[in-house]
Amino acid sequence: MPVKKTQKKTIKIKAKVQAKPKPKVKVSRYFEAIGRRKTAVARVRLYTQNPGEFLVNDKTLEKYFPAFDLQQKIKDPFVKVGQTDKFSVLAKVNGGGVNAQAEALRHGIARALVKIDSECRKALKKTGLLTRDSRMRERKKPGLKRARRAPQWRKR
């Protein structure tokens with residue numbers, strides 16, 4: 001006896017999902033660089049249009065880094081070169097903590113500025129903004145509580 005295969009009809013329901021409108025920086029040319037610090041990585045793009053605009057992970061700089069000292073740390077390469085309001089910045093940052101992300105972003109901005117104008121290199125190198133800070137967290141060793149912290153010793 002032949003077995004009849006029945007086909008089940010699937011009904012697709014299209015739901016209208018409203019996505020948040022992302023602020024867009026539409027420009028044909030940009031300069032890209034990557035900055036790193038500890039485990040934080042920042043991919044930075046500098047645009048010449050819309051100067052002064054700062055977007056980090058699709059948020060403004062003030063929303064992503066509310067601490068004033070971190071904002072100053074990020075804008076430091078522009079201040080050293082003397083080009084505070086000549087570029088707009090679009091950055092994607094991930095990994096690490098807030099401070100490491102800010103330092104990675106600063107490193108990426110400094111590298112991108114050197115790509116734009118090689119004469120900026122001298123001023124940025126002198127202040128140490130082009131140097132990748134290679135200090136990383138030391139790994140935990142077996143038999144210890146942390147990297148170097150041994151369990152407490154008792155005589156009795």
# chains A, B, ... in the order shown; residues from 1 in each chain; ligands from 1
$ select_by_dssp --residues "chain A" --states "alpha helix (DSSP H)" --output "PyMOL selection string"
chain A and resi 61-64+68-81+98-116+121-126
$ select_by_dssp --residues "range 14-105 of chain A" --states "strand (DSSP E)" --output "list in words"
Tyr30, Phe31, Glu32, Ala33, Ile34, Gly35, Arg36, Arg37, Ala40, Val41, Ala42, Arg43, Val44, Arg45, Leu46, Tyr47, Phe54, Leu55, Val56, Lys59, Thr60, Ser88, Val89, Leu90, Ala91, Lys92, Val93 and Asn94 of chain A
$ write_last_selection --atoms "C-alpha atoms" --output "tab-separated table (two decimals), in the first residue's frame"
chain	number	residue	atom	x	y	z
A	30	TYR	CA	37.34	58.50	6.15
A	31	PHE	CA	40.56	57.53	7.90
A	32	GLU	CA	40.43	54.36	9.98
A	33	ALA	CA	42.68	53.07	12.74
A	34	ILE	CA	42.54	50.55	15.57
A	35	GLY	CA	43.50	51.35	19.16
A	36	ARG	CA	44.05	48.84	21.94
A	37	ARG	CA	44.47	48.82	25.73
A	40	ALA	CA	39.68	46.72	24.97
A	41	VAL	CA	39.69	47.31	21.22
A	42	ALA	CA	38.49	50.48	19.49
A	43	ARG	CA	37.89	50.78	15.74
A	44	VAL	CA	37.98	54.49	14.98
A	45	ARG	CA	36.96	56.36	11.84
A	46	LEU	CA	37.70	60.06	11.40
A	47	TYR	CA	35.54	62.01	8.94
A	54	PHE	CA	31.43	62.16	18.29
A	55	LEU	CA	29.64	58.76	18.15
A	56	VAL	CA	30.81	55.78	20.19
A	59	LYS	CA	25.79	56.88	21.24
A	60	THR	CA	27.15	60.35	21.78
A	88	SER	CA	33.88	63.91	13.35
A	89	VAL	CA	34.55	60.56	15.02
A	90	LEU	CA	32.67	57.30	14.60
A	91	ALA	CA	33.98	54.52	16.84
A	92	LYS	CA	33.10	50.94	17.75
A	93	VAL	CA	34.51	49.89	21.11
A	94	ASN	CA	34.33	46.54	22.86
$ closest_residue --among "A:Leu61, A:Lys75, A:Ala104, A:Val81" --to "Asp133 in chain A" --atoms "only C-alpha atoms"
A:Ala104
$ atom_distance --atom1 "CA of Lys80 in chain A" --atom2 "CA of Glu119 in chain A"
12.2 Å
$ residues_around --residues "Pro77 in chain A" --least-positions-apart "6" --cutoff "7 Å" --atoms "only C-alpha atoms" --output "ChimeraX atom specification"
/A:106,109-110,124
$ write_last_selection --atoms "C-alpha atoms" --output "mmCIF file, in the first residue's frame"
data_model
loop_
_atom_site.group_PDB
_atom_site.id
_atom_site.type_symbol
_atom_site.label_atom_id
_atom_site.label_comp_id
_atom_site.auth_asym_id
_atom_site.auth_seq_id
_atom_site.Cartn_x
_atom_site.Cartn_y
_atom_site.Cartn_z
ATOM 1 C CA ARG A 106 42.447 57.665 22.435
ATOM 2 C CA ILE A 109 42.292 58.520 17.321
ATOM 3 C CA ALA A 110 46.022 59.264 17.591
ATOM 4 C CA LEU A 124 51.704 62.682 19.448
#
$ closest_residue --among "A:Thr84, A:Thr39, A:Gln101, A:Gln49" --to "Tyr64 in chain A" --atoms "only C-alpha atoms"
A:Gln101
$ closest_residue --among "A:Met136, A:Phe87, A:Phe78, A:Lys141" --to "Gly52 in chain A" --atoms "only C-alpha atoms"
A:Phe87
